[in-house]
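A.B. asks: This one is upload.cif, mmCIF, C-alpha atoms.
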```
data_data
loop_
_atom_site.label_atom_id
_atom_site.label_comp_id
_atom_site.auth_asym_id
_atom_site.auth_seq_id
_atom_site.Cartn_x
_atom_site.Cartn_y
_atom_site.Cartn_z
CA MET L 75 62.26 211.96 102.10
CA SER L 76 63.11 208.38 101.12
CA ASN L 77 64.87 205.85 103.30
CA ASP L 78 67.51 203.28 102.19
CA ASN L 79 64.81 200.94 100.92
CA GLY L 80 63.24 203.63 98.75
CA GLU L 81 60.16 204.01 100.96
CA ASP L 82 58.75 207.43 101.90
CA SER L 83 59.14 208.55 105.50
CA LYS L 84 58.46 211.68 107.48
CA THR L 85 61.17 213.16 109.61
CA SER L 86 58.59 214.38 112.14
CA GLU L 87 57.46 210.86 113.00
CA PRO L 88 59.40 209.14 115.76
CA LEU L 89 61.33 205.99 114.88
CA GLU L 90 59.63 202.78 115.80
CA GLU L 91 61.43 200.67 118.35
CA ALA L 92 62.34 198.03 115.75
CA GLN L 93 64.08 200.71 113.65
CA VAL L 94 66.42 201.86 116.40
CA PRO L 95 69.84 200.23 115.82
CA SER L 96 71.14 198.15 118.69
CA LEU L 97 74.32 199.17 120.50
CA LEU L 98 76.24 196.42 118.71
CA ASN L 99 74.93 197.53 115.31
CA ARG L 100 75.83 201.15 116.05
CA TYR L 101 79.41 200.09 116.89
CA TRP L 102 79.49 198.00 113.73
CA ILE L 103 78.33 200.96 111.59
CA ARG L 104 80.90 203.20 113.25
CA LEU L 105 83.63 200.63 112.66
CA ASN L 106 82.71 200.41 108.98
CA GLU L 107 82.80 204.19 108.67
CA LEU L 108 86.20 204.30 110.37
CA SER L 109 87.49 201.51 108.13
CA LYS L 110 86.44 203.36 105.00
CA ALA L 111 87.88 206.63 106.25
CA THR L 112 91.28 205.18 107.22
CA ARG L 113 91.40 202.35 104.62
CA ILE L 114 92.39 199.99 107.44
CA PRO L 115 90.69 196.56 107.18
CA PHE L 116 89.73 196.39 110.85
CA LEU L 117 87.58 193.27 110.54
CA PHE L 118 90.28 191.31 108.73
CA LEU L 119 92.84 192.47 111.28
CA GLY L 120 90.48 191.29 114.01
CA VAL L 121 90.23 187.89 112.33
CA TYR L 122 94.00 187.70 111.97
CA ILE L 123 94.61 188.62 115.60
CA SER L 124 92.00 186.09 116.72
CA ILE L 125 93.79 183.36 114.77
CA ILE L 126 97.14 184.37 116.28
CA ILE L 127 95.65 184.18 119.77
CA ALA L 128 94.12 180.78 118.99
CA LYS L 129 97.46 179.45 117.80
CA LEU L 130 99.23 180.73 120.91
CA LEU L 131 96.57 179.11 123.09
CA LEU L 132 97.01 175.84 121.19
CA VAL L 133 100.75 175.87 121.86
CA ALA L 134 100.08 176.76 125.50
CA CYS L 135 97.73 173.76 125.78
CA LEU L 136 100.40 171.55 124.23
CA ASN L 137 102.97 172.84 126.70
CA TRP L 138 100.56 172.06 129.55
CA MET L 139 100.21 168.51 128.23
CA ILE L 140 103.99 168.17 128.37
CA LEU L 141 104.22 169.54 131.91
CA GLU L 142 101.49 167.13 133.03
CA ASP L 143 103.35 164.17 131.47
CA LEU L 144 100.44 163.45 129.15
CA ILE L 145 102.71 162.98 126.14
CA PRO L 146 104.97 159.89 126.02
CA TRP L 147 108.23 159.21 124.12
CA LEU L 148 109.01 162.82 123.25
CA TYR L 149 112.60 161.90 122.50
CA TYR L 150 111.89 158.93 120.25
CA ASN L 151 113.14 159.27 116.68
CA PRO L 152 113.74 156.31 114.34
CA TYR L 153 116.80 158.03 112.84
CA THR L 154 118.45 158.65 116.27
CA PRO L 155 119.72 162.12 115.30
CA SER L 156 122.42 163.66 117.45
CA ASP L 157 120.75 167.10 117.43
CA ILE L 158 117.81 165.88 119.50
CA THR L 159 119.77 166.29 122.74
CA GLY L 160 119.16 169.65 124.36
CA THR L 161 116.18 170.48 122.16
CA PRO L 162 113.29 171.97 124.21
CA GLU L 163 110.48 169.51 124.73
CA ILE L 164 107.88 171.83 123.23
CA LEU L 165 109.86 171.78 119.98
CA LEU L 166 110.08 168.00 120.12
CA ALA L 167 106.32 167.79 120.50
CA LEU L 168 105.92 170.05 117.48
CA ALA L 169 108.67 168.71 115.25
CA ASN L 170 109.71 165.22 116.39
CA ARG L 171 106.55 163.22 115.77
CA TRP L 172 105.43 160.91 112.96
CA ASP L 173 106.01 162.41 109.51
CA SER L 174 107.94 165.33 110.98
CA ASN L 175 110.77 162.88 111.62
CA HIS L 176 110.91 162.00 107.93
CA PHE L 177 110.73 165.61 106.74
CA LEU L 178 113.55 166.62 109.07
CA GLU L 179 115.65 163.61 108.10
CA ILE L 180 115.48 164.73 104.45
CA ALA L 181 116.40 168.26 105.56
CA ARG L 182 119.27 166.82 107.63
CA ASN L 183 120.80 164.31 105.21
CA GLY L 184 118.89 164.54 101.94
CA TYR L 185 117.33 161.61 100.14
CA PRO L 186 119.16 158.28 100.55
CA ILE L 187 121.57 157.29 97.81
CA GLY L 188 122.20 153.83 96.42
CA VAL L 189 119.00 152.15 97.61
CA GLU L 190 116.15 150.92 95.44
CA SER L 191 113.39 151.82 97.87
CA ASP L 192 113.09 153.94 100.98
CA LEU L 193 110.06 155.50 102.64
CA LEU L 194 111.69 158.94 102.43
CA PHE L 195 111.10 158.99 98.68
CA ALA L 196 107.36 159.20 99.41
CA PHE L 197 107.86 162.75 100.74
CA ALA L 198 108.02 165.61 98.26
CA PRO L 199 111.10 167.85 98.42
CA VAL L 200 110.04 171.50 98.76
CA TYR L 201 109.13 171.54 102.45
CA PRO L 202 112.22 169.69 103.76
CA TRP L 203 114.45 171.77 101.51
CA MET L 204 112.98 174.98 102.94
CA VAL L 205 113.48 173.58 106.44
CA ALA L 206 117.12 172.84 105.60
CA ILE L 207 117.68 176.39 104.34
CA VAL L 208 116.05 178.09 107.33
CA GLY L 209 117.82 175.62 109.63
CA GLN L 210 121.15 176.98 108.46
CA VAL L 211 120.06 180.39 109.75
CA VAL L 212 118.42 179.48 113.07
CA GLY L 213 120.74 176.57 113.90
CA SER L 214 118.01 174.01 114.67
CA LEU L 215 116.03 171.90 112.24
CA TYR L 216 113.28 171.45 114.82
CA LEU L 217 112.84 175.18 115.24
CA SER L 218 113.19 175.64 111.48
CA GLY L 219 110.39 173.16 110.77
CA VAL L 220 108.06 175.00 113.13
CA ILE L 221 109.02 178.41 111.70
CA VAL L 222 108.46 177.34 108.09
CA SER L 223 105.10 175.70 108.84
CA ASN L 224 103.74 178.59 110.89
CA THR L 225 104.99 181.24 108.48
CA PHE L 226 103.17 179.55 105.64
CA TYR L 227 100.14 179.03 107.85
CA PHE L 228 99.70 182.79 108.17
CA LEU L 229 100.48 183.33 104.48
CA THR L 230 97.80 180.77 103.70
CA ILE L 231 95.28 182.77 105.73
CA ILE L 232 95.92 185.77 103.47
CA ALA L 233 95.77 183.64 100.31
CA PHE L 234 92.46 182.11 101.37
CA PHE L 235 91.01 185.54 102.12
CA LYS L 236 92.02 186.75 98.64
CA VAL L 237 90.28 183.75 97.07
CA ALA L 238 87.18 184.21 99.25
CA ARG L 239 86.93 187.81 98.03
CA LEU L 240 86.57 186.47 94.50
CA TYR L 241 83.30 184.84 95.53
CA THR L 242 81.77 187.03 98.24
CA ASP L 243 81.88 190.41 99.94
CA TYR L 244 84.53 191.62 102.36
CA ARG L 245 82.58 190.94 105.54
CA GLU L 246 81.71 187.35 104.78
CA ALA L 247 85.17 186.68 103.35
CA CYS L 248 86.56 187.62 106.77
CA PHE L 249 84.29 185.15 108.55
CA LEU L 250 85.07 182.42 106.02
CA THR L 251 88.77 183.06 106.64
CA LEU L 252 88.23 182.81 110.41
CA SER L 253 86.50 179.45 109.94
CA PHE L 254 89.26 178.19 107.66
CA GLY L 255 92.08 179.38 109.90
CA LEU L 256 90.61 177.66 112.95
CA PHE L 257 89.52 174.50 111.17
CA PRO L 258 90.80 171.76 113.53
CA THR L 259 93.20 169.84 111.32
CA PHE L 260 94.54 172.95 109.59
CA LEU L 261 95.08 174.75 112.89
CA SER L 262 96.91 171.75 114.35
CA TYR L 263 98.96 170.70 111.35
CA GLY L 264 99.71 174.30 110.47
CA THR L 265 101.40 174.52 113.88
CA LEU L 266 103.37 171.26 113.64
CA ALA L 267 106.43 170.69 111.47
CA TYR L 268 104.32 169.30 108.63
CA SER L 269 104.00 170.29 104.97
CA GLU L 270 100.26 171.10 105.14
CA ALA L 271 100.60 174.88 105.41
CA PRO L 272 103.12 175.34 102.55
CA PHE L 273 101.13 172.94 100.39
CA LEU L 274 97.88 174.83 101.00
CA PHE L 275 99.51 178.20 100.42
CA PHE L 276 100.84 177.10 97.04
CA ALA L 277 97.59 175.34 96.05
CA ILE L 278 95.32 178.23 97.08
CA SER L 279 97.58 180.80 95.41
CA SER L 280 97.61 178.64 92.29
CA TRP L 281 93.81 178.72 92.16
CA TYR L 282 93.71 182.48 92.79
CA PHE L 283 96.00 183.26 89.87
CA PHE L 284 94.25 180.70 87.68
CA LYS L 285 90.98 182.56 88.24
CA LYS L 286 92.79 185.81 87.50
CA GLU L 287 94.09 184.22 84.27
CA SER L 288 97.67 184.96 85.34
CA TYR L 289 98.79 181.61 84.01
CA PHE L 290 102.54 182.07 84.40
CA ILE L 291 102.27 182.84 88.14
CA CYS L 292 99.65 180.10 88.46
CA ALA L 293 102.07 177.62 86.87
CA ILE L 294 104.83 178.59 89.31
CA PHE L 295 102.59 178.08 92.34
CA THR L 296 101.28 174.83 90.85
CA THR L 297 104.86 173.59 90.52
CA PHE L 298 105.64 174.32 94.16
CA SER L 299 102.33 172.83 95.23
CA ILE L 300 102.98 169.51 93.47
CA LEU L 301 106.55 169.35 94.75
CA THR L 302 105.25 169.95 98.28
CA ARG L 303 102.43 167.38 98.16
CA TYR L 304 102.12 165.09 95.15
CA ILE L 305 98.34 165.04 95.45
CA SER L 306 98.41 168.51 93.84
CA GLY L 307 99.08 166.76 90.56
CA PHE L 308 95.30 166.48 90.27
CA LEU L 309 95.24 170.25 89.70
CA PHE L 310 96.27 169.40 86.14
CA LEU L 311 93.03 167.46 85.74
CA ILE L 312 90.91 170.26 87.21
CA TYR L 313 92.59 172.99 85.19
CA GLY L 314 92.45 170.80 82.10
CA VAL L 315 88.69 170.31 82.41
CA ILE L 316 88.10 174.04 82.91
CA ILE L 317 90.43 175.02 80.07
CA LEU L 318 88.83 172.50 77.70
CA SER L 319 85.37 173.77 78.58
CA ASN L 320 86.45 177.37 77.96
CA LEU L 321 88.12 176.36 74.71
CA ILE L 322 84.94 174.71 73.43
CA ASP L 323 82.84 177.75 74.39
CA LYS L 324 85.24 180.15 72.65
CA TYR L 325 85.47 177.93 69.58
CA LYS L 326 81.69 178.01 69.23
CA LYS L 327 81.84 181.81 69.22
CA GLU L 328 84.98 182.37 67.17
CA LYS L 329 84.61 179.42 64.78
CA SER L 330 88.40 179.27 64.78
CA PHE L 331 90.65 177.11 66.89
CA VAL L 332 93.55 179.57 66.64
CA LYS L 333 91.42 182.46 67.92
CA ALA L 334 89.89 180.31 70.66
CA PHE L 335 93.17 178.87 71.89
CA ASN L 336 95.01 180.82 74.61
CA PHE L 337 98.72 180.29 74.03
CA ARG L 338 99.45 181.38 77.62
CA TRP L 339 98.21 177.94 78.61
CA PHE L 340 101.61 176.66 77.55
CA TRP L 341 102.95 178.03 80.84
CA PHE L 342 101.54 174.86 82.41
CA SER L 343 104.46 173.02 80.86
CA ILE L 344 106.55 174.48 83.73
CA PRO L 345 105.13 172.23 86.48
CA LEU L 346 105.17 169.26 84.12
CA VAL L 347 108.85 169.72 83.23
CA SER L 348 109.77 170.45 86.86
CA VAL L 349 108.09 167.33 88.21
CA VAL L 350 109.63 165.15 85.48
CA ALA L 351 113.04 166.65 86.28
CA PHE L 352 112.67 165.78 89.97
CA PHE L 353 111.52 162.25 89.19
CA LEU L 354 114.57 161.85 86.95
CA TYR L 355 116.66 162.96 89.92
CA LEU L 356 115.05 160.25 92.05
CA GLN L 357 115.72 157.79 89.23
CA SER L 358 119.40 158.71 89.38
CA LEU L 359 119.33 157.80 93.09
CA THR L 360 117.24 154.64 92.90
CA GLY L 361 117.11 153.45 89.33
CA SER L 362 113.30 153.90 89.23
CA PHE L 363 111.48 156.87 87.70
CA PHE L 364 108.47 156.08 89.89
CA ALA L 365 110.38 155.81 93.17
CA ALA L 366 108.13 158.42 94.82
CA PHE L 367 105.03 156.31 94.19
CA GLU L 368 106.67 152.97 94.94
CA ALA L 369 107.78 154.32 98.32
CA HIS L 370 104.15 154.55 99.41
CA GLY L 371 104.25 150.78 99.65
CA TRP L 372 106.03 151.30 102.98
CA PHE L 373 102.77 152.76 104.27
CA GLY L 374 100.48 150.25 102.59
CA ASP L 375 99.00 153.07 100.53
CA SER L 376 96.85 152.57 97.47
CA LEU L 377 94.14 154.52 95.67
CA ALA L 378 90.92 152.54 95.29
CA THR L 379 87.33 153.62 96.02
CA PRO L 380 85.43 154.89 99.08
CA TYR L 381 84.05 151.39 99.53
CA HIS L 382 87.56 149.92 99.68
CA GLN L 383 88.62 152.54 102.24
CA PHE L 384 85.61 151.69 104.39
CA ARG L 385 86.46 147.99 104.23
CA TRP L 386 90.14 148.72 104.93
CA PHE L 387 89.28 150.23 108.32
CA PHE L 388 88.01 146.79 109.34
CA GLU L 389 90.28 144.46 107.38
CA GLY L 390 93.43 146.46 106.62
CA TYR L 391 96.88 145.65 107.90
CA PHE L 392 96.79 148.51 110.40
CA THR L 393 93.85 147.00 112.24
CA GLN L 394 95.20 143.47 111.91
CA ASN L 395 98.63 144.44 113.29
CA ASN L 396 97.17 146.43 116.18
CA PRO L 397 94.76 144.24 118.15
CA GLY L 398 94.00 147.09 120.55
CA VAL L 399 92.60 149.26 117.75
CA GLU L 400 88.81 149.27 117.48
CA PRO L 401 87.90 149.36 113.76
CA ILE L 402 84.58 151.16 114.30
CA LEU L 403 86.28 153.90 116.32
CA LEU L 404 89.07 154.09 113.74
CA MET L 405 86.47 154.65 111.04
CA LEU L 406 84.26 157.07 112.97
CA LEU L 407 87.15 159.34 113.98
CA ARG L 408 87.97 159.77 110.29
CA TYR L 409 84.47 160.03 108.91
CA MET L 410 83.47 162.64 111.48
CA PHE L 411 85.72 164.98 109.49
CA THR L 412 85.64 163.67 105.94
CA ILE L 413 81.92 162.98 105.43
CA PRO L 414 80.76 166.53 106.39
CA PHE L 415 83.58 167.98 104.30
CA PHE L 416 82.47 165.87 101.33
CA PHE L 417 78.90 167.12 101.59
CA LEU L 418 80.15 170.69 101.85
CA ALA L 419 82.08 170.11 98.62
CA LEU L 420 78.92 168.74 96.97
CA THR L 421 77.02 171.85 98.07
CA LEU L 422 79.46 173.97 96.07
CA PHE L 423 77.88 172.82 92.82
CA LYS L 424 74.89 175.04 93.67
CA ASP L 425 77.17 178.08 93.85
CA ASP L 426 79.98 177.46 91.39
CA VAL L 427 80.53 174.37 89.25
CA GLU L 428 84.29 174.85 89.08
CA LEU L 429 84.57 174.96 92.87
CA GLY L 430 82.34 171.91 93.06
CA ILE L 431 84.58 169.98 90.68
CA TYR L 432 87.66 171.01 92.67
CA GLY L 433 86.20 170.04 96.04
CA VAL L 434 84.53 166.79 95.04
CA LEU L 435 87.55 165.48 93.11
CA PHE L 436 89.93 165.97 96.04
CA MET L 437 87.37 164.61 98.51
CA TRP L 438 86.77 161.56 96.33
CA ILE L 439 90.51 160.91 96.35
CA THR L 440 90.64 161.44 100.11
CA LEU L 441 87.80 158.98 100.67
CA SER L 442 89.36 156.43 98.31
CA MET L 443 92.75 156.08 99.98
CA GLU L 444 93.71 152.90 101.76
CA GLY L 445 96.69 152.45 104.06
CA ILE L 446 98.18 155.12 106.32
CA SER L 447 96.82 157.75 103.95
CA GLY L 448 93.33 156.49 104.80
CA ILE L 449 94.07 157.05 108.48
CA ALA L 450 95.40 160.51 107.66
CA SER L 451 92.28 161.45 105.70
CA PRO L 452 91.17 164.30 108.07
CA ARG L 453 94.46 165.96 107.17
CA ILE L 454 94.62 164.99 103.51
CA MET L 455 91.08 166.30 102.96
CA LEU L 456 92.47 169.82 103.40
CA SER L 457 93.40 169.52 99.72
CA ALA L 458 89.64 170.15 99.21
CA TRP L 459 89.97 173.48 101.04
CA VAL L 460 87.33 175.04 98.75
CA ALA L 461 84.68 173.17 100.78
CA ILE L 462 84.87 175.96 103.39
CA LEU L 463 83.50 178.35 100.76
CA ALA L 464 80.23 176.37 100.87
CA PHE L 465 79.39 178.25 104.08
CA LYS L 466 79.02 181.41 101.99
CA GLY L 467 75.56 182.94 102.29
CA ARG L 468 74.33 180.16 104.55
CA MET L 469 75.29 181.36 108.04
CA SER L 470 75.01 184.45 110.19
CA SER L 471 77.99 186.18 111.79
CA ALA L 472 77.08 184.74 115.18
CA ILE L 473 77.09 181.18 113.84
CA TYR L 474 80.46 181.76 112.18
CA ILE L 475 81.89 182.86 115.53
CA VAL L 476 80.34 179.97 117.48
CA MET L 477 81.53 177.47 114.88
CA SER L 478 85.05 178.92 114.89
CA ILE L 479 85.25 178.64 118.69
CA MET L 480 84.11 175.04 118.42
CA PHE L 481 86.77 174.43 115.75
CA PHE L 482 89.44 175.69 118.14
CA PHE L 483 88.51 173.29 120.92
CA VAL L 484 88.34 170.39 118.48
CA GLY L 485 91.76 171.52 117.24
CA VAL L 486 93.17 171.15 120.76
CA TRP L 487 91.71 167.64 120.84
CA VAL L 488 93.27 166.87 117.45
CA MET L 489 96.65 168.02 118.74
CA TYR L 490 96.31 165.76 121.76
CA GLN L 491 95.27 162.80 119.64
CA PHE L 492 98.18 163.46 117.30
CA GLN L 493 100.62 163.30 120.18
CA LEU L 494 99.22 160.01 121.49
CA THR L 495 98.33 158.16 118.30
CA PHE L 496 98.81 158.62 114.60
CA PHE L 497 95.67 160.71 114.20
CA ALA L 498 94.97 162.44 110.90
#
```
Could you express the structure from this file as structure tokens?

C.D. replies:
Amino acid sequence: MSNDNGEDSKTSEPLEEAQVPSLLNRYWIRLNELSKATRIPFLFLGVYISIIIAKLLLVACLNWMILEDLIPWLYYNPYTPSDITGTPEILLALANRWDSNHFLEIARNGYPIGVESDLLFAFAPVYPWMVAIVGQVVGSLYLSGVIVSNTFYFLTIIAFFKVARLYTDYREACFLTLSFGLFPTFLSYGTLAYSEAPFLFFAISSWYFFKKESYFICAIFTTFSILTRYISGFLFLIYGVIILSNLIDKYKKEKSFVKAFNFRWFWFSIPLVSVVAFFLYLQSLTGSFFAAFEAHGWFGDSLATPYHQFRWFFEGYFTQNNPGVEPILLMLLRYMFTIPFFFLALTLFKDDVELGIYGVLFMWITLSMEGISGIASPRIMLSAWVAILAFKGRMSSAIYIVMSIMFFFVGVWVMYQFQLTFFA
């Protein structure tokens, strides 16, 4: 008789101690057998339930912070909206802080009319418009913002799992998804009334359908991604490089440009036309086609180089206008997230050049931002979400679990820092 490795064995000989499966392995084998028999993805369901529990615990920790009076100025809002009165404090902590105020103001009153410049133009329209629509149903923009963000957070988990399955087996894809779902800044900002979760859902889905060569669906998701976070415009560059490379390879084989060219690529005119149409709309309000980019001047934002961002932490207006801020701490709290993520993205080149290009480009942009965007880099770096895929084939299940637990506790810390200071 031959065993699974093709080696001869005798049934009369007793199994050596090392060959006897452990109790945990026996349960794992039984679970796999049950999963195959019932076609129920038990491991993925376990991951999903674990993420749900983690999110509930995060909200519980936030509620404890409120009860212990650890969070100041819950009711502060620069727009002094009338609907803030009577709103539960937990909702205010989730949807009445920092950029959430601006998103909800757009949902409440739309973009301002008759002004040349306003910081609200810096925020893309899809997320606040969805909040406005859901708000009509639930009767509260604060609740709506939380519902939209968390709904897309869980949709993003599924989208990421689908992409992970393109690159690895089911079991590891589940652990990669667990790590992604509990990644500190995604867990926190996917709970708050922020646009991170919708943006990531659209961007990840765009990549999935691009790899599947479903270019029409890819173009639709790319459109929504760009109009949720403008940084997604760099997808055009990534897709363009990949398409050009494929075109050259096919031309070498076919010796004909017509045969090598895929006319379905024209679907990518959809996001281009849609973005131009929205910018023309902003021009009708402000008189400037580039109002969305000019509005970033309110935040002191500019795109330079990683060196300039490093120098900005010490010399930028934020540090100069806040004497109590320690530049070294300001820098370290950002780099503790962005530098490891950048090296993860670099590692991707060993596995898949396209993923490497995707991750490194978005990380280079993240590390090159000055202004408030530089402070928000641990959140903005989520645009390089593919970096999580660098864990593939490099960690055991136990390490995945330990790392995910660590991510959760760091996520609680991120939430606390977010409430106290403009962190990430």

A.B. asks: With the file shown as input, list the residues that the PyMOL selection byres ((chain L and resi 444) around 7) selects, as an mmCIF file with C-alpha atoms, in the coordinates of the input.

C.D. replies:
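Written output follows (expr_1.cif):
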```cif
data_model
loop_
_atom_site.group_PDB
_atom_site.id
_atom_site.type_symbol
_atom_site.label_atom_id
_atom_site.label_comp_id
_atom_site.auth_asym_id
_atom_site.auth_seq_id
_atom_site.Cartn_x
_atom_site.Cartn_y
_atom_site.Cartn_z
ATOM 1 C CA ASP L 375 99.000 153.070 100.530
ATOM 2 C CA SER L 376 96.850 152.570 97.470
ATOM 3 C CA LEU L 377 94.140 154.520 95.670
ATOM 4 C CA GLN L 383 88.620 152.540 102.240
ATOM 5 C CA TRP L 386 90.140 148.720 104.930
ATOM 6 C CA SER L 442 89.360 156.430 98.310
ATOM 7 C CA MET L 443 92.750 156.080 99.980
ATOM 8 C CA GLY L 445 96.690 152.450 104.060
ATOM 9 C CA ILE L 446 98.180 155.120 106.320
ATOM 10 C CA SER L 447 96.820 157.750 103.950
ATOM 11 C CA GLY L 448 93.330 156.490 104.800
#
```

A.B. asks: Report the distance between atom CA of Leu168 of chain L and atom CA of Gly307 of chain L in Å, rounded to one decimal place.

C.D. replies: 28.0 Å

A.B. asks: So the first atom is atom CA of Phe415 of chain L and the second is atom CA of Ile439 of chain L; what is the distance between them in Å, to one decimal place?

C.D. replies: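 Going from atom CA of Phe415 of chain L over to atom CA of Ile439 of chain L, I get 12.7 Å.
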
A.B. asks: Under the PyMOL selection byres ((chain L and resi 179-185) around 12), which residues of this model are included? Write them out as a compact mmCIF listing (two decimals) with C-alpha atoms, in the frame of the given file.

C.D. replies:
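In the end it all went to out_19.txt:
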```txt
# COMPACT_ATOMS: atom_id res chain seq x y z
CA ASN L 151 113.14 159.27 116.68
CA PRO L 152 113.74 156.31 114.34
CA TYR L 153 116.80 158.03 112.84
CA THR L 154 118.45 158.65 116.27
CA PRO L 155 119.72 162.12 115.30
CA SER L 156 122.42 163.66 117.45
CA ASP L 157 120.75 167.10 117.43
CA ILE L 158 117.81 165.88 119.50
CA ALA L 169 108.67 168.71 115.25
CA ASN L 170 109.71 165.22 116.39
CA ARG L 171 106.55 163.22 115.77
CA TRP L 172 105.43 160.91 112.96
CA ASP L 173 106.01 162.41 109.51
CA SER L 174 107.94 165.33 110.98
CA ASN L 175 110.77 162.88 111.62
CA HIS L 176 110.91 162.00 107.93
CA PHE L 177 110.73 165.61 106.74
CA LEU L 178 113.55 166.62 109.07
CA PRO L 186 119.16 158.28 100.55
CA ILE L 187 121.57 157.29 97.81
CA GLY L 188 122.20 153.83 96.42
CA VAL L 189 119.00 152.15 97.61
CA GLU L 190 116.15 150.92 95.44
CA SER L 191 113.39 151.82 97.87
CA ASP L 192 113.09 153.94 100.98
CA LEU L 193 110.06 155.50 102.64
CA LEU L 194 111.69 158.94 102.43
CA PHE L 195 111.10 158.99 98.68
CA ALA L 196 107.36 159.20 99.41
CA PHE L 197 107.86 162.75 100.74
CA ALA L 198 108.02 165.61 98.26
CA PRO L 199 111.10 167.85 98.42
CA VAL L 200 110.04 171.50 98.76
CA TYR L 201 109.13 171.54 102.45
CA PRO L 202 112.22 169.69 103.76
CA TRP L 203 114.45 171.77 101.51
CA MET L 204 112.98 174.98 102.94
CA VAL L 205 113.48 173.58 106.44
CA ALA L 206 117.12 172.84 105.60
CA ILE L 207 117.68 176.39 104.34
CA VAL L 208 116.05 178.09 107.33
CA GLY L 209 117.82 175.62 109.63
CA GLN L 210 121.15 176.98 108.46
CA GLY L 213 120.74 176.57 113.90
CA SER L 214 118.01 174.01 114.67
CA LEU L 215 116.03 171.90 112.24
CA TYR L 216 113.28 171.45 114.82
CA SER L 218 113.19 175.64 111.48
CA GLY L 219 110.39 173.16 110.77
CA ALA L 267 106.43 170.69 111.47
CA PHE L 352 112.67 165.78 89.97
CA TYR L 355 116.66 162.96 89.92
CA LEU L 356 115.05 160.25 92.05
CA GLN L 357 115.72 157.79 89.23
CA SER L 358 119.40 158.71 89.38
CA LEU L 359 119.33 157.80 93.09
CA THR L 360 117.24 154.64 92.90
CA ALA L 365 110.38 155.81 93.17
CA ALA L 366 108.13 158.42 94.82
```

A.B. asks: Select, from L:Thr242, L:Ala334, L:Val476, L:Phe260, the residue with the minimum atom-to-atom distance to Thr230 of chain L, counting all atoms listed in the file.

C.D. replies: L:Phe260

A.B. asks: Carefully work through the PyMOL selection byres ((chain L and resi 463-469) around 8) for this structure and note down the residues it includes, as number ranges by chain.

C.D. replies: L: 238, 242, 246, 250, 418-419, 421-422, 425, 460-462, 470-471, 473-474

A.B. asks: Write the residues of the selection above to a file with C-alpha atoms, as a PDB file, in the coordinates of the input.

C.D. replies:
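That gives us part.pdb:
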```pdb
ATOM      1  CA  ALA L 238      87.180 184.210  99.250  1.00  0.00           C
ATOM      2  CA  THR L 242      81.770 187.030  98.240  1.00  0.00           C
ATOM      3  CA  GLU L 246      81.710 187.350 104.780  1.00  0.00           C
ATOM      4  CA  LEU L 250      85.070 182.420 106.020  1.00  0.00           C
ATOM      5  CA  LEU L 418      80.150 170.690 101.850  1.00  0.00           C
ATOM      6  CA  ALA L 419      82.080 170.110  98.620  1.00  0.00           C
ATOM      7  CA  THR L 421      77.020 171.850  98.070  1.00  0.00           C
ATOM      8  CA  LEU L 422      79.460 173.970  96.070  1.00  0.00           C
ATOM      9  CA  ASP L 425      77.170 178.080  93.850  1.00  0.00           C
ATOM     10  CA  VAL L 460      87.330 175.040  98.750  1.00  0.00           C
ATOM     11  CA  ALA L 461      84.680 173.170 100.780  1.00  0.00           C
ATOM     12  CA  ILE L 462      84.870 175.960 103.390  1.00  0.00           C
ATOM     13  CA  SER L 470      75.010 184.450 110.190  1.00  0.00           C
ATOM     14  CA  SER L 471      77.990 186.180 111.790  1.00  0.00           C
ATOM     15  CA  ILE L 473      77.090 181.180 113.840  1.00  0.00           C
ATOM     16  CA  TYR L 474      80.460 181.760 112.180  1.00  0.00           C
TER      17      TYR L 474
END
```

A.B. asks: Measuring between all atoms listed in the file, which one of L:Phe228, L:Phe249, L:Trp438, L:Trp138 shows the shortest distance to Ala472 of chain L?

C.D. replies: L:Phe249

A.B. asks: Can you work out the spacing between atom CA of Tyr263 of chain L and atom CA of Leu136 of chain L in Å, to one decimal?

C.D. replies: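 Value for the atom CA of Tyr263 of chain L-atom CA of Leu136 of chain L distance: 13.0 Å.
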
A.B. asks: Just checking: using only C-alpha atoms, which residue out of L:Thr379, L:Gln394, L:Ser451, L:Thr302 ends up closest to Tyr409 of chain L?

C.D. replies: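 So, comparing all the options, the nearest one is L:Ser451.
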
A.B. asks: May I have the residues within 9 Å of Ile291 of chain L as a CSV table (one decimal) with C-alpha atoms, in the frame of the given file, using all atoms listed in the file and disregarding those fewer than 5 positions away in the same chain?

C.D. replies:
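selection-v2.csv, freshly written:
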```csv
chain,number,residue,atom,x,y,z
L,279,SER,CA,97.6,180.8,95.4
L,280,SER,CA,97.6,178.6,92.3
L,283,PHE,CA,96.0,183.3,89.9
L,284,PHE,CA,94.2,180.7,87.7
L,296,THR,CA,101.3,174.8,90.8
L,341,TRP,CA,103.0,178.0,80.8
```

A.B. asks: Can you tell me, as a list in words, what residues are no more than 10 Å from Leu144 of chain L when counting all atoms listed in the file, ignoring any on the same chain fewer than 3 positions away?

C.D. replies: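 So the residues in contact are Leu136, Trp138, Met139, Ile140, Leu141, Tyr490, Gln493 and Leu494 of chain L.
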
A.B. asks: Give me the residues near segment 117-121 of chain L as a count of residues only, where near means some atom within 8 Å (using all atoms listed in the file) and where sequence neighbours in that chain fewer than 5 positions away do not count.

C.D. replies: 5
